[in-house]
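Undergrad: Please find one structure pasted underneath; my questions will follow.
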Amino acid sequence: MVLKSDVHPIVGSDDVVRVRQVARQWAAELKFSLVDQTKLVTATSELARNTLEHGKGGRMRVELVENGARRGIRLTFEDEGPGIANIELALRDGYTTGSGLGLGLSGSKRLMNEFDIKSETGRGTTVTVTRWK
Amino acid sequence: MSSFHEVIRKNESSILAGWLAEMASSNRRSDLMSDAELRQQATELLRLVTNAAETSTDPMSEAFSSTRDYLKDIAKSRMEQGFSPAETALFILSLKQPVFNALRDTAGISPTKLVTEILTAGTVLDRLAVETVNNAVEFRDLVISRQQEEMLELSTPVVKLWEGVLALPLIGTLDSARTQVVMESLLSAIVETNSQIAIIDITGVPTVDTLVAQHLIKTITAARLMGADCYLSGIRPAIAQTIVHLGIDLVDVQTKAKLADAFALALTRLGKTVVNAKQVAKSTNKREEA
Amino acid sequence: MDRIPILKMGDCLLVTIQVDMHDQLAVSLQEDLTDQIAKHAARGVLIDISSLEIVDSFIGRMLANIAAMSRVLDAQTVLTGMQPAVAITLVELGMTLPGIRTALNVERGMELLRGYIQKDDELQENDGSEE
């Protein structure tokens, strides 16, 4: 169940900093532990950078979700970029098409509780991640 | 007109006496609760049930809400006093017999009416008993989860061995949740006490599987990123074998057989040494004499 | 554009990262630092990140680059003050920064740097005497 939701554009490198701050604020409001906050914000940073660099810009939707007694934060990163041809390969540690270390997707997956990626070549990519309290 | 609640109302004192007698014969725990307290609880519950039954025969309905609240309190206090859930349920169930007796002894009641009322009263009391057991179990779960949290905190004592040296003696099985707590408390203790060296002692850890080993390695790596060294001590021969068989790489980890060895190494790294005070005193005296 | 200040202390350079860095700022810090190391012939670089709330793979890579570049320029790098939550997250992310030396705080970091520089000097002296 979604209790609250918000959308932020990711078009420039300043936006990566801004969505990080948004994620931090939401996590703090939900009283996440400092480690959990840090994990969420770091994953946000990785995924937002992916959206910007590989997806040629897009947006992040942030949602406060509830599942029974548990509450969490769900982030959805959407872009209309070139898409990912081989998701399995993209999720492998160390695999990169850019100049990074190839830890963006695989690392974020480890930092979050739930991770889902959908991509269509030429249409864009959607990554949905959730961290429960 | 002789519904069971009317019968109860009419024969309140005799039913109460019968109920207390029933409890005394079956499950009375005089070691846990005084007669006066029991009588007071029984009286109050009987009154609430009678009142509620006037408007409804469904124990889950609004009419029974104060009865249910009262039973919740009873369940809670009884669990605290040490009653088992079964004993708490019997407290309510033993009301059945006296109520049935009173219905049976009602003058001029038709057999059909008698059966109907016994069934209704029986159902109501059964449902209330089940509800109370539920409450008791829920309360116990609450206690268990609170104790788990407390144990989690208690089970990870970070102790200071020397200025700049911390030790974390781990006891019991490590799981993912506990390791996160262990990791966080060790790392924040490193910052708080400004310690360069931390010793993780696993003498009290029964088994080490791949997951536990990975957690330990992660903790040690995180400490290194912060600028502290972590030593691993207390590795029993069986665990050493497991580690090798599992192919876990502890190459970058400083290991020592005993906590004492690790502590000695820590002191060496800090440029300290342990000397025999008597011998030092002797040699100083000699020097002074000379 | 804003830049992160680099302080010179003897033969060491000192950088304190206090702001939530956007990627360009991190890149320019990397460039500025290499320039300064070469310009002052610095022997040590100390980067304090005690007020940094996150280190993602980008910043992690930048830190690793700085360490590698200064090694090429004959300077030692020490990273100080990483917060526990940041360290745990970095490890979980898969970044262990194997080539970087670390210290708990600036004071310890400076001690460490001085130690390295001294050891280096002794080595060089020994080399000289052997010739």
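Following the order of the structure tokens, chains are lettered A, B, ..., residues in each are numbered from 1, and ligands are numbered from 1.
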Could you produce a table of the residues of chain C lying within 6 Å of chain A, with the nearest pair of atoms per residue and their separation in Å rounded to one decimal, using only C-alpha atoms, ordered by chain and increasing residue number, as a Markdown table?

TA:
| residue | atom | partner | partner_atom | distance |
| --- | --- | --- | --- | --- |
| C:His22 | CA | A:Val17 | CA | 5.9 |
| C:Asp56 | CA | A:Thr42 | CA | 5.5 |
| C:Ala85 | CA | A:Val35 | CA | 4.6 |
| C:Thr89 | CA | A:Lys39 | CA | 5.5 |
| C:Leu93 | CA | A:Gly107 | CA | 4.3 |

Undergrad: Once you have the residues from the selection above, write them out as a short mmCIF file (atom, residue, chain, number, x, y, z; two decimals), in the first residue's frame, restricted to all heavy atoms.

TA:
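Wrote again.cif, looks like this:
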data_model
loop_
_atom_site.label_atom_id
_atom_site.label_comp_id
_atom_site.auth_asym_id
_atom_site.auth_seq_id
_atom_site.Cartn_x
_atom_site.Cartn_y
_atom_site.Cartn_z
N HIS C 22 28.87 16.79 -5.66
CA HIS C 22 28.35 16.27 -6.92
C HIS C 22 29.54 15.81 -7.74
O HIS C 22 30.70 16.13 -7.43
CB HIS C 22 27.45 17.27 -7.64
CG HIS C 22 28.07 18.59 -7.91
ND1 HIS C 22 28.95 18.80 -8.93
CD2 HIS C 22 27.94 19.77 -7.26
CE1 HIS C 22 29.33 20.05 -8.91
NE2 HIS C 22 28.75 20.66 -7.91
N ASP C 56 29.70 6.80 -2.41
CA ASP C 56 29.18 5.83 -3.38
C ASP C 56 30.34 5.37 -4.27
O ASP C 56 31.50 5.73 -4.04
CB ASP C 56 28.03 6.42 -4.19
CG ASP C 56 28.43 7.67 -4.94
OD1 ASP C 56 29.64 7.96 -5.01
OD2 ASP C 56 27.55 8.36 -5.47
N ALA C 85 28.84 3.85 9.46
CA ALA C 85 27.75 3.56 8.52
C ALA C 85 28.24 3.61 7.08
O ALA C 85 27.83 2.80 6.24
CB ALA C 85 26.61 4.56 8.73
N THR C 89 28.40 0.39 4.48
CA THR C 89 27.75 0.50 3.18
C THR C 89 28.72 0.25 2.03
O THR C 89 28.40 -0.44 1.06
CB THR C 89 27.11 1.90 3.03
OG1 THR C 89 26.24 2.12 4.15
CG2 THR C 89 26.31 2.02 1.76
N LEU C 93 28.49 -2.58 -0.71
CA LEU C 93 28.46 -2.17 -2.12
C LEU C 93 29.50 -2.96 -2.92
O LEU C 93 29.37 -3.11 -4.14
CB LEU C 93 28.78 -0.66 -2.19
CG LEU C 93 28.54 0.09 -3.49
CD1 LEU C 93 27.07 0.09 -3.84
CD2 LEU C 93 29.01 1.54 -3.35
#

Undergrad: Quick one: which chain B residues come within 12 Å of chain C, and what is the nearest atom pair for each with the distance in Å to one decimal, counting only C-alpha atoms, rows ordered by chain and ascending number, as CSV?

TA:
residue,atom,partner,partner_atom,distance
B:Gly164,CA,C:Leu104,CA,11.0
B:Thr179,CA,C:Ile88,CA,11.7
B:Gln180,CA,C:Ile88,CA,9.3
B:Val181,CA,C:Ile88,CA,11.5
B:Val182,CA,C:Ile88,CA,11.8
B:Met183,CA,C:Ile88,CA,8.2
B:Glu184,CA,C:Pro84,CA,7.0
B:Ser185,CA,C:Pro84,CA,9.3
B:Leu186,CA,C:Pro84,CA,9.1
B:Leu187,CA,C:Pro84,CA,5.5
B:Ser188,CA,C:Pro84,CA,6.1
B:Ala189,CA,C:Pro84,CA,9.5
B:Ile190,CA,C:Leu104,CA,8.5
B:Val191,CA,C:Leu104,CA,7.2
B:Glu192,CA,C:Leu104,CA,10.4
B:Thr193,CA,C:Leu104,CA,10.4
B:Asn194,CA,C:Leu104,CA,7.0
B:Ser195,CA,C:Leu104,CA,8.0
B:Gln196,CA,C:Leu104,CA,7.3
B:Ile197,CA,C:Leu104,CA,10.5
B:Gln214,CA,C:Glu92,CA,10.8
B:His215,CA,C:Glu92,CA,10.1
B:Leu216,CA,C:Val91,CA,11.7
B:Ile217,CA,C:Val91,CA,9.7
B:Lys218,CA,C:Val91,CA,6.3
B:Thr219,CA,C:Ile88,CA,7.5
B:Ile220,CA,C:Val91,CA,9.8
B:Thr221,CA,C:Thr96,CA,6.8
B:Ala222,CA,C:Ala87,CA,4.9
B:Ala223,CA,C:Ala87,CA,7.3
B:Arg224,CA,C:Thr102,CA,7.0
B:Leu225,CA,C:Ala87,CA,6.1
B:Met226,CA,C:Met82,CA,4.9
B:Gly227,CA,C:Ala103,CA,3.7
B:Ala228,CA,C:Leu104,CA,6.6
B:Asp229,CA,C:Ala103,CA,9.7
B:Asp252,CA,C:Pro98,CA,10.5

Undergrad: Where in chain A does DSSP assign helix (DSSP H, G or I), given as a ChimeraX atom specification?

TA: /A:13-29,34-53,87-90,104-111

Undergrad: Measuring between only C-alpha atoms, which one of C:Ile59, C:Leu7, C:Ile66, C:Leu73 shows the shortest distance to Ala38 of chain C?

TA: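 Using only C-alpha atoms, Ala38 of chain C sits closest to C:Leu73.
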
Undergrad: At a cut-off of 6 Å, using only C-alpha atoms, what residues contact segment 75-90 of chain A? Leave out same-chain residues fewer than 2 positions from it and give the result as a list of chain:residue names.

TA: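 Here the answer would be A:Gly55, A:Lys56, A:Gly58, A:Arg59, A:Met60, A:Arg61, A:Val62, A:Arg92, A:Ser119, A:Glu120, A:Thr121, A:Gly122, A:Arg123, A:Gly124, A:Thr125, A:Thr126, A:Val127, A:Thr128, A:Val129.
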
Undergrad: Deliver the residues from the most recent selection as a file, using N, CA and C atoms, as a tab-separated table (two decimals), in the first residue's frame.

TA:
chain	number	residue	atom	x	y	z
A	55	GLY	N	20.81	6.29	-19.05
A	55	GLY	CA	19.45	6.47	-19.54
A	55	GLY	C	19.21	7.85	-20.15
A	56	LYS	N	20.24	8.67	-20.18
A	56	LYS	CA	20.15	10.05	-20.71
A	56	LYS	C	19.11	10.87	-19.96
A	58	GLY	N	16.04	11.08	-16.62
A	58	GLY	CA	14.73	10.48	-16.35
A	58	GLY	C	14.18	11.04	-15.07
A	59	ARG	N	13.57	10.17	-14.24
A	59	ARG	CA	13.00	10.66	-12.99
A	59	ARG	C	13.04	9.59	-11.92
A	60	MET	N	12.93	10.06	-10.67
A	60	MET	CA	12.85	9.13	-9.56
A	60	MET	C	11.52	9.34	-8.85
A	61	ARG	N	10.78	8.26	-8.69
A	61	ARG	CA	9.57	8.35	-7.86
A	61	ARG	C	9.92	7.76	-6.51
A	62	VAL	N	9.56	8.49	-5.45
A	62	VAL	CA	9.81	7.97	-4.11
A	62	VAL	C	8.47	7.74	-3.44
A	92	ARG	N	26.05	-8.17	-13.16
A	92	ARG	CA	27.23	-8.85	-12.67
A	92	ARG	C	28.21	-7.83	-12.09
A	119	SER	N	13.77	-3.62	-18.64
A	119	SER	CA	14.41	-2.81	-19.66
A	119	SER	C	14.04	-3.31	-21.04
A	120	GLU	N	13.88	-2.37	-21.94
A	120	GLU	CA	13.58	-2.74	-23.31
A	120	GLU	C	14.52	-1.94	-24.20
A	121	THR	N	15.22	-2.61	-25.08
A	121	THR	CA	16.20	-1.92	-25.91
A	121	THR	C	15.49	-0.85	-26.74
A	122	GLY	N	16.03	0.36	-26.67
A	122	GLY	CA	15.46	1.47	-27.42
A	122	GLY	C	14.30	2.16	-26.73
A	123	ARG	N	13.76	1.56	-25.66
A	123	ARG	CA	12.60	2.14	-24.99
A	123	ARG	C	12.93	2.73	-23.62
A	124	GLY	N	13.92	2.17	-22.96
A	124	GLY	CA	14.27	2.70	-21.65
A	124	GLY	C	14.31	1.64	-20.57
A	125	THR	N	14.64	2.10	-19.37
A	125	THR	CA	14.85	1.18	-18.26
A	125	THR	C	14.08	1.66	-17.03
A	126	THR	N	13.53	0.73	-16.27
A	126	THR	CA	12.88	1.06	-15.01
A	126	THR	C	13.47	0.16	-13.92
A	127	VAL	N	14.04	0.79	-12.90
A	127	VAL	CA	14.57	0.04	-11.77
A	127	VAL	C	13.74	0.38	-10.54
A	128	THR	N	13.22	-0.64	-9.87
A	128	THR	CA	12.42	-0.42	-8.66
A	128	THR	C	13.11	-1.11	-7.49
A	129	VAL	N	13.38	-0.32	-6.45
A	129	VAL	CA	14.04	-0.89	-5.27
A	129	VAL	C	13.25	-0.52	-4.02

Undergrad: Need the shell around Thr203 of chain B: protein/DNA/RNA residues with any atom at most 12 Å away, counting only C-alpha atoms. Skip same-chain ones fewer than 3 positions apart. Format as a list in words?

TA: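 These residues fall inside the cut-off: Leu168, Pro169, Leu170, Ile171, Gly172, Thr173, Ile199, Ile200, Pro206, Thr207, Val208, Leu232, Ser233, Gly234, Ile235, Arg236, Pro237, Ala238, Ile239, Ala240, Lys256, Ala257, Lys258, Leu259 and Ala260 of chain B.
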
Undergrad: The selected residues should be written to file as a CSV table (one decimal), in the first residue's frame (atoms: C-alpha atoms).

TA:
chain,number,residue,atom,x,y,z
B,168,LEU,CA,34.4,-8.3,21.1
B,169,PRO,CA,33.9,-11.8,22.6
B,170,LEU,CA,31.2,-13.4,20.5
B,171,ILE,CA,29.1,-16.1,22.2
B,172,GLY,CA,26.4,-18.2,20.5
B,173,THR,CA,25.2,-18.6,16.9
B,199,ILE,CA,40.0,-8.2,18.6
B,200,ILE,CA,37.0,-10.4,17.6
B,206,PRO,CA,29.8,-23.1,17.9
B,207,THR,CA,30.0,-23.2,14.2
B,208,VAL,CA,31.2,-21.0,11.4
B,232,LEU,CA,40.3,-12.7,14.8
B,233,SER,CA,41.0,-15.0,17.8
B,234,GLY,CA,39.6,-18.1,19.4
B,235,ILE,CA,39.4,-20.2,16.2
B,236,ARG,CA,38.9,-23.8,17.4
B,237,PRO,CA,40.5,-26.6,15.4
B,238,ALA,CA,37.1,-27.8,14.1
B,239,ILE,CA,36.3,-24.3,12.9
B,240,ALA,CA,39.7,-24.0,11.3
B,256,LYS,CA,45.5,-15.9,16.5
B,257,ALA,CA,44.6,-19.0,18.4
B,258,LYS,CA,43.8,-17.3,21.7
B,259,LEU,CA,42.5,-14.0,22.8
B,260,ALA,CA,45.6,-13.6,24.9

Undergrad: Please identify all polymer residues within 12 Å of Leu95 of chain B, counting only C-alpha atoms, omitting same-chain residues fewer than 6 positions from it, and present them as a list in words.

TA: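 Listed by chain and then number, they are Ile8, Glu12, Ser14, Ile15, Leu16, Ala17, Gly18, Trp19, Leu20, Ala21, Glu22, Met23, Ser26, Ala42, Thr43, Leu45, Leu46, Val49, Ala89, Asn101, Ala102, Ala121, Gly122, Val124, Leu125, Asp126, Leu128 and Ala129 of chain B.
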
Undergrad: Just give me the gap between atom CA of Asn67 of chain A and atom CA of Phe115 of chain A in Å, one decimal is fine.

TA: 16.1 Å

Undergrad: Suppose you want the space between atom CA of Lys31 of chain A and atom CA of Arg146 of chain B; what is it in Å?

TA: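 So the two atoms, atom CA of Lys31 of chain A and atom CA of Arg146 of chain B, lie 19.1 Å apart.
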
Undergrad: Please, which residues of chain A, numbered as in this document, come out strand (DSSP E) from DSSP, as a PyMOL selection string?

TA: chain A and resi 2-10+58-67+70-79+114-120+124-132

Undergrad: With distances taken over only C-alpha atoms, which of C:Gln36, C:Asn126, C:Gln30, C:Ser51 is nearest to Leu63 of chain C?

TA: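 Closest residue, counting only C-alpha atoms: C:Gln30.
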